[in-house]
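Student: Data file target.csv (CSV, C-alpha atoms) is appended below.
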chain,number,residue,atom,x,y,z
G,197,ASN,CA,68.5,52.3,-87.9
G,198,THR,CA,66.1,53.5,-90.5
G,199,VAL,CA,63.0,52.1,-88.7
G,200,GLY,CA,64.2,53.4,-85.3
G,201,LYS,CA,64.8,56.9,-86.7
G,202,SER,CA,61.4,56.9,-88.5
G,203,ILE,CA,59.6,55.8,-85.3
G,204,SER,CA,61.2,58.5,-83.1
G,205,GLU,CA,60.3,61.2,-85.6
G,206,ASN,CA,56.5,60.6,-85.2
G,207,LEU,CA,55.1,59.0,-82.1
G,208,ASP,CA,51.6,58.2,-83.6
G,209,VAL,CA,50.9,54.5,-82.6
G,210,GLN,CA,49.1,53.8,-85.9
G,211,GLY,CA,52.0,55.2,-87.9
G,212,ILE,CA,54.7,53.4,-85.9
G,213,LEU,CA,53.0,50.0,-86.2
G,214,GLN,CA,52.5,50.6,-89.9
G,215,ARG,CA,56.2,51.4,-90.4
G,216,VAL,CA,57.2,48.4,-88.3
G,217,THR,CA,54.8,46.1,-90.2
G,218,ASP,CA,56.2,47.4,-93.6
G,219,ALA,CA,59.8,47.0,-92.5
G,220,THR,CA,59.4,43.5,-91.0
G,221,THR,CA,57.4,42.3,-94.1
G,222,LYS,CA,60.2,43.5,-96.3
G,223,LEU,CA,63.0,42.2,-94.0
G,224,THR,CA,61.5,38.6,-93.9
G,225,GLY,CA,60.7,38.5,-97.6
G,226,ALA,CA,57.0,37.9,-96.9
G,227,ALA,CA,54.4,38.6,-99.6
G,228,PHE,CA,52.4,40.4,-97.0
G,229,GLY,CA,52.4,41.1,-93.3
G,230,ALA,CA,49.7,42.0,-90.8
G,231,PHE,CA,49.6,43.2,-87.2
G,232,PHE,CA,46.6,42.1,-85.1
G,233,TYR,CA,45.7,42.9,-81.6
G,234,ASN,CA,43.4,41.1,-79.2
G,235,THR,CA,40.0,42.6,-78.4
G,236,THR,CA,36.9,41.2,-76.8
G,237,ASP,CA,33.7,40.8,-78.8
G,238,GLU,CA,30.3,39.5,-77.8
G,239,LYS,CA,31.5,35.9,-77.9
G,240,GLY,CA,34.4,36.7,-75.6
G,241,ASP,CA,37.4,36.9,-77.9
G,242,SER,CA,38.5,38.2,-81.3
G,243,PHE,CA,41.3,39.8,-83.1
G,244,LYS,CA,41.3,43.1,-84.9
G,245,LEU,CA,43.4,44.0,-87.9
G,246,PHE,CA,45.6,47.0,-87.0
G,247,THR,CA,48.1,47.3,-89.9
G,248,LEU,CA,48.6,45.5,-93.2
G,249,SER,CA,51.5,45.6,-95.6
G,250,GLY,CA,51.8,44.2,-99.1
G,251,ALA,CA,48.1,43.7,-99.8
G,252,PRO,CA,45.1,45.9,-100.1
G,253,ARG,CA,43.2,46.1,-96.8
G,254,GLU,CA,40.0,45.2,-98.5
G,255,THR,CA,41.5,41.8,-99.4
G,256,MET,CA,42.1,40.9,-95.8
G,257,GLU,CA,38.8,42.3,-94.6
G,258,GLN,CA,37.0,39.9,-97.1
G,259,LEU,CA,38.7,36.9,-95.5
G,260,GLY,CA,37.5,37.8,-92.0
G,261,MET,CA,39.5,38.1,-88.8
G,262,PRO,CA,41.5,35.2,-87.4
G,263,ARG,CA,40.0,33.5,-84.3
G,264,HIS,CA,41.5,31.6,-81.4
G,265,THR,CA,42.3,28.5,-83.4
G,266,GLU,CA,45.1,26.0,-83.0
G,267,MET,CA,47.2,27.9,-85.6
G,268,PHE,CA,47.3,31.0,-83.4
G,269,ILE,CA,47.9,29.4,-80.0
G,270,PRO,CA,51.7,29.9,-80.2
G,271,THR,CA,51.3,33.6,-81.0
G,272,PHE,CA,48.3,34.8,-79.0
G,273,VAL,CA,48.3,32.3,-76.0
G,274,GLU,CA,51.9,31.3,-75.5
G,275,LYS,CA,53.2,34.7,-76.7
G,276,LYS,CA,55.7,33.2,-79.1
G,277,VAL,CA,56.9,34.6,-82.4
G,278,VAL,CA,56.0,32.2,-85.3
G,279,ARG,CA,57.2,32.2,-88.8
G,280,ILE,CA,55.3,30.0,-91.3
G,281,ASP,CA,56.7,29.7,-94.8
G,282,ASP,CA,53.5,28.3,-96.4
G,283,ILE,CA,50.3,28.4,-94.3
G,284,ARG,CA,48.8,25.7,-96.4
G,285,LYS,CA,51.4,23.2,-95.1
G,286,PHE,CA,51.0,24.2,-91.5
G,287,ALA,CA,49.6,21.3,-89.4
G,288,GLY,CA,46.9,23.4,-87.8
G,289,HIS,CA,45.7,25.0,-91.0
G,290,GLY,CA,42.0,24.4,-92.0
G,291,LYS,CA,41.1,22.4,-88.9
G,292,ASN,CA,38.7,25.0,-87.3
Any chance you could give the structure as C-alpha cells?
Tutor:
Amino acid sequence: NTVGKSISENLDVQGILQRVTDATTKLTGAAFGAFFYNTTDEKGDSFKLFTLSGAPRETMEQLGMPRHTEMFIPTFVEKKVVRIDDIRKFAGHGKN
C-alpha cells in the first residue's frame, strides 16, 4: 500500500523505479538492489544501471555493468525473476 500510494503521487519514472527498488530491496532483506534495463551499445548489447538501493552508486559503477552472461540469461532472455542468496555460490558466477 505504501509503495502504491507513493508511486501514484508522483509519476516520474526515475522516482517510481527508485522507490520500487528501495522497497523490494528492503522487503527481500537484500544488502543492496539494482534495477537495470537493456540498451544497445556498439557491440550489440549492454545493460544500463537505472536505480540502486543500499550502496553508493559509485561502488556499482566501479564494478562495470553486467553483460549477457550465463548468470543473466534467466532474467534478461527468459524474462524470469531470479533470487540468488549468495552470488559467489551461483553456478554461473565467474565463468565469463
Student: For a test of reading the model, state the distance in Å between atom CA of Ser249 of chain G and atom CA of Tyr233 of chain G, rounded to one decimal.
Tutor: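 Atom CA of Ser249 of chain G sits 15.4 Å away from atom CA of Tyr233 of chain G.
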Student: Give me, as a compact mmCIF listing (two decimals) with C-alpha atoms, keeping the file's coordinate frame, all polymer residues having an atom no more than 9 Å from Ala251 of chain G, counting all atoms listed in the file and skipping those fewer than 6 positions away in the same chain.
Tutor:
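Saved to around15.txt:
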# COMPACT_ATOMS: atom_id res chain seq x y z
CA ALA G 227 54.40 38.60 -99.60
CA PHE G 228 52.40 40.40 -97.00
CA GLY G 229 52.40 41.10 -93.30
Student: Here is a test: counting all atoms listed in the file, which residue of G:Leu207, G:Leu248, G:Ile280, G:Ile212 is nearest to Met267 of chain G?
Tutor: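 The closest residue to Met267 of chain G is G:Ile280.
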Student: Using only C-alpha atoms, which of G:Lys222, G:Phe231, G:Gly250, G:Thr255 sits nearest Gln210 of chain G?
Tutor: G:Phe231
Student: Go through G:Gly225, G:Glu238, G:Arg253, G:Gln258 and flag the residue nearest Asp281 of chain G, using all atoms listed in the file for the distances.
Tutor: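 Residue with the minimum atom-to-atom distance to Asp281 of chain G: G:Gly225.
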Student: Grab the atom CA of Thr271 of chain G to atom CA of Ala219 of chain G distance for me, in Å with one decimal place.
Tutor: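 Between these atoms lies a distance of 19.6 Å.
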Student: Go ahead and compute the interatomic distance for atom CA of Ser202 of chain G and atom CA of Thr221 of chain G, in Å to one decimal.
Tutor: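 According to the coordinates, atom CA of Ser202 of chain G and atom CA of Thr221 of chain G are separated by 16.1 Å.
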Student: Name the closest residue to Gln214 of chain G among the candidates G:Phe246, G:Lys285, G:Phe232, G:Thr198; distances are taken between atoms, counting all atoms listed in the file.
Tutor: G:Phe246
